[in-house]
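Some notes on the structure that comes next.
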Amino acid sequence: MKKIQQKIRKGIVFLLLVILSGCGNSVKKISEEKFLFGTYINIIIYSNNETKAKKSIELAFEKIKEIDEKYNSKNSKSVIYKINNEKNKEIEIDSELKNILNSVRKIYVESGKRYDITISPLLDLWGFGKNPRDEVPKKSEIKEVLKLINFSDVVVEKNNLKYLNNVKKIDTGSFLKGYAIEKAKNLLEKRGEEHAFITSISSIATIGKKLENKPWRVGIQDPFNSEKTLGIIELSGNSLGVSGDYQTYVEINGKKYHHLMDKQTGYPIDDKKLVAVISKSAFLADMYSTALFSMSEQEIFKFAEKNQIEVLIVKSNGEKITTKNFILK
């Protein structure tokens with residue numbers, strides 16, 4: 001019988017050292033945590049205007065909740081849930097969702113179509129949906145399900161989203177949380193917040209630095225030992241996205257199978273344990289970390305250079321590889 005394990009509080013990323021030190025008493029650390037997108041999201045602001053900061057956090061969480069309800073494929077209120085679960089595979093959408101899907105399509109193309117958000121039928125087959133499994137899917141089952149995966153058959157025409165041919169579902173899990181965090185960051189910036197940190201465990205966005213010109217310090221969890229970290233990275237106004245093979249998995253006959261699938265073979269990708277990406281955008285970092293999981297090392301470095309991102313790869317044998325400016329301390 002399968003067992004789904006999703007580590008929420010430990011997650012992929014540890015927030016470390018977000019402690020105010022050596023600053024005047026007029027500046028306070030204001031923080032709040034809420035459960036959205038199936039995980040805990042925490043927002044921290046350092047400010048000398050506590051009332052304004054609390055209102056900023058309230059509005060940021062409202063924005064995250066709004067995006068969750070409007071677009072999350074696992075939220076029964078969302079437009080994506082509706083088209084995924086109804087026979088009519090066409091629905092009217094707003095301009096925001098059109099822009100989101102255009103961004104997703106860009107990464108789909110740049111990844112050689114390996115980053116594919118129509119992967120849901122394969123995840124369902126492996127037991128990540130409602131139906132548990134007692135055994136690994138047969139090759140014949142996988143072969144049939146792979147016919148249902150093709151983001152090229154997800155079409156936006158004017159204000160309508162259409163699923164063509166055999167496409168059944170979109171899964172927003174690899175990008176929407178990062179998008180929501182990026183939008184929350186934008187809201188905080190517009191309200192004039194200068195020192196802020198937003199984390200949903202696997203997606204992090206920052207505004208500026210901490211006080212005294214100190215960067216935000218974040219520990220990357222060791223994918224082989226959840227009680228340890230690989231090292232600490234520093235963020236100053238940029239974002240972090242992390243994908244790991246240990247965050248969400250099913251257990252079949254005592255063996256774990258993770259959710260990062262190779263759409264060519266239909267099996268979990270087995271040459272990497274973790275991919276972390278530093279980018280200017282939490283939305284992009286979220287997508288990039290998933291897309292790069294399915295690429296070779298050579299392709300990853302070429303992709304990183306083209307898109308001006310920094311990358312950490314932890315291979316299945318424990319070897320760590322980074323781009324030049326991904327610095328673990």
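Convention: chains lettered A, B, ... in structure tokens order; per-chain residue numbering from 1; ligands numbered from 1 as shown.
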
Write out as a PDB file with N, CA and C atoms, in the first residue's frame all residues of segment 213-247 of chain A that backbone DSSP assigns to strand (DSSP E).
ATOM      1  N   TRP A 216      20.276  38.189   4.229  1.00  0.00           N
ATOM      2  CA  TRP A 216      19.494  37.111   4.832  1.00  0.00           C
ATOM      3  C   TRP A 216      20.284  35.814   4.660  1.00  0.00           C
ATOM      4  N   ARG A 217      20.337  35.020   5.709  1.00  0.00           N
ATOM      5  CA  ARG A 217      21.110  33.784   5.659  1.00  0.00           C
ATOM      6  C   ARG A 217      20.164  32.582   5.740  1.00  0.00           C
ATOM      7  N   VAL A 218      20.323  31.681   4.777  1.00  0.00           N
ATOM      8  CA  VAL A 218      19.423  30.530   4.653  1.00  0.00           C
ATOM      9  C   VAL A 218      20.232  29.247   4.553  1.00  0.00           C
ATOM     10  N   GLY A 219      19.869  28.264   5.331  1.00  0.00           N
ATOM     11  CA  GLY A 219      20.545  26.975   5.271  1.00  0.00           C
ATOM     12  C   GLY A 219      19.847  26.027   4.310  1.00  0.00           C
ATOM     13  N   ILE A 220      20.619  25.332   3.507  1.00  0.00           N
ATOM     14  CA  ILE A 220      20.077  24.341   2.577  1.00  0.00           C
ATOM     15  C   ILE A 220      20.148  22.969   3.237  1.00  0.00           C
ATOM     16  N   GLN A 221      19.007  22.323   3.352  1.00  0.00           N
ATOM     17  CA  GLN A 221      18.960  21.018   4.004  1.00  0.00           C
ATOM     18  C   GLN A 221      19.725  19.958   3.226  1.00  0.00           C
ATOM     19  N   ASP A 222      20.414  19.100   3.943  1.00  0.00           N
ATOM     20  CA  ASP A 222      21.102  17.952   3.354  1.00  0.00           C
ATOM     21  C   ASP A 222      20.054  16.938   2.920  1.00  0.00           C
ATOM     22  N   ASN A 225      20.196  13.705   4.877  1.00  0.00           N
ATOM     23  CA  ASN A 225      20.008  13.723   6.331  1.00  0.00           C
ATOM     24  C   ASN A 225      19.267  15.005   6.706  1.00  0.00           C
ATOM     25  N   SER A 226      17.982  14.890   7.037  1.00  0.00           N
ATOM     26  CA  SER A 226      17.145  16.062   7.285  1.00  0.00           C
ATOM     27  C   SER A 226      17.562  16.850   8.519  1.00  0.00           C
ATOM     28  N   GLU A 227      18.427  16.271   9.353  1.00  0.00           N
ATOM     29  CA  GLU A 227      18.881  16.970  10.556  1.00  0.00           C
ATOM     30  C   GLU A 227      20.121  17.821  10.297  1.00  0.00           C
ATOM     31  N   LYS A 228      20.653  17.769   9.081  1.00  0.00           N
ATOM     32  CA  LYS A 228      21.867  18.510   8.763  1.00  0.00           C
ATOM     33  C   LYS A 228      21.632  19.476   7.607  1.00  0.00           C
ATOM     34  N   THR A 229      22.552  20.420   7.464  1.00  0.00           N
ATOM     35  CA  THR A 229      22.514  21.322   6.320  1.00  0.00           C
ATOM     36  C   THR A 229      23.771  21.142   5.481  1.00  0.00           C
ATOM     37  N   LEU A 230      23.614  21.409   4.186  1.00  0.00           N
ATOM     38  CA  LEU A 230      24.773  21.377   3.284  1.00  0.00           C
ATOM     39  C   LEU A 230      25.639  22.605   3.467  1.00  0.00           C
ATOM     40  N   GLY A 231      25.024  23.698   3.880  1.00  0.00           N
ATOM     41  CA  GLY A 231      25.718  24.961   4.044  1.00  0.00           C
ATOM     42  C   GLY A 231      24.714  26.092   4.051  1.00  0.00           C
ATOM     43  N   ILE A 232      25.224  27.298   4.135  1.00  0.00           N
ATOM     44  CA  ILE A 232      24.376  28.481   4.212  1.00  0.00           C
ATOM     45  C   ILE A 232      24.625  29.364   2.997  1.00  0.00           C
ATOM     46  N   ILE A 233      23.539  29.886   2.419  1.00  0.00           N
ATOM     47  CA  ILE A 233      23.655  30.857   1.338  1.00  0.00           C
ATOM     48  C   ILE A 233      23.135  32.207   1.832  1.00  0.00           C
ATOM     49  N   GLU A 234      23.541  33.263   1.158  1.00  0.00           N
ATOM     50  CA  GLU A 234      23.116  34.601   1.530  1.00  0.00           C
ATOM     51  C   GLU A 234      22.270  35.200   0.411  1.00  0.00           C
ATOM     52  N   LEU A 235      21.148  35.793   0.788  1.00  0.00           N
ATOM     53  CA  LEU A 235      20.225  36.400  -0.162  1.00  0.00           C
ATOM     54  C   LEU A 235      20.040  37.869   0.186  1.00  0.00           C
ATOM     55  N   SER A 239      15.803  35.602  -4.845  1.00  0.00           N
ATOM     56  CA  SER A 239      14.916  34.512  -4.445  1.00  0.00           C
ATOM     57  C   SER A 239      15.587  33.159  -4.586  1.00  0.00           C
ATOM     58  N   LEU A 240      15.014  32.181  -3.898  1.00  0.00           N
ATOM     59  CA  LEU A 240      15.536  30.818  -3.922  1.00  0.00           C
ATOM     60  C   LEU A 240      14.400  29.836  -4.190  1.00  0.00           C
ATOM     61  N   GLY A 241      14.647  28.888  -5.090  1.00  0.00           N
ATOM     62  CA  GLY A 241      13.716  27.791  -5.326  1.00  0.00           C
ATOM     63  C   GLY A 241      14.452  26.477  -5.195  1.00  0.00           C
ATOM     64  N   VAL A 242      13.842  25.506  -4.523  1.00  0.00           N
ATOM     65  CA  VAL A 242      14.498  24.219  -4.292  1.00  0.00           C
ATOM     66  C   VAL A 242      13.555  23.083  -4.657  1.00  0.00           C
ATOM     67  N   SER A 243      14.067  22.114  -5.407  1.00  0.00           N
ATOM     68  CA  SER A 243      13.345  20.873  -5.685  1.00  0.00           C
ATOM     69  C   SER A 243      14.187  19.709  -5.197  1.00  0.00           C
ATOM     70  N   GLY A 244      13.561  18.794  -4.461  1.00  0.00           N
ATOM     71  CA  GLY A 244      14.275  17.635  -3.952  1.00  0.00           C
ATOM     72  C   GLY A 244      13.493  16.357  -4.158  1.00  0.00           C
TER      73      GLY A 244
END

task: Check segment 30-163 of chain A with DSSP on the backbone and list each residue it calls helix (DSSP H, G or I), as an MDAnalysis selection string.
output: chainID A and resid 50:71 79:85 95:110 120:125 139:146 151:153

With only C-alpha atoms counted and 12 Å as the cut-off, give the residues of segment 230-316 of chain A in contact with segment 83-102 of chain A, each with its shortest interatomic distance in Å and the pair that gives it, as CSV.
residue,atom,partner,partner_atom,distance
A:Phe283,CA,A:Ile100,CA,9.5
A:Leu284,CA,A:Ile100,CA,10.7
A:Met287,CA,A:Ile100,CA,11.4

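Comparing the minimum interatomic distances between Ser316 of chain A and each of A:Lys63, A:Lys255, A:Lys52, A:Lys272, counting only C-alpha atoms, we find that A:Lys272 sits nearest.
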
Env of segment 175-178 of chain A: 7 Å cut, atoms = only C-alpha atoms, seq-sep filter 3 positions within chain, self excluded. Answer as a PDB file with C-alpha atoms, in the first residue's frame.
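result-v1.pdb written:
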ATOM      1  CA  PHE A  37      -0.814  25.923  -0.598  1.00  0.00           C
ATOM      2  CA  ASN A  72      -4.335  26.114  -7.567  1.00  0.00           C
ATOM      3  CA  THR A 172       0.237  23.876 -10.757  1.00  0.00           C
ATOM      4  CA  ILE A 181       5.231  34.504  -3.121  1.00  0.00           C
ATOM      5  CA  GLU A 182       6.590  36.763  -5.869  1.00  0.00           C
ATOM      6  CA  SER A 203      10.379  28.892  -2.224  1.00  0.00           C
ATOM      7  CA  ALA A 282      10.582  33.360  -6.804  1.00  0.00           C
ATOM      8  CA  PHE A 283       8.222  32.424  -9.634  1.00  0.00           C
ATOM      9  CA  ASP A 286      10.299  27.634  -8.611  1.00  0.00           C
ATOM     10  CA  MET A 287       9.977  26.627 -12.261  1.00  0.00           C
TER      11      MET A 287
END
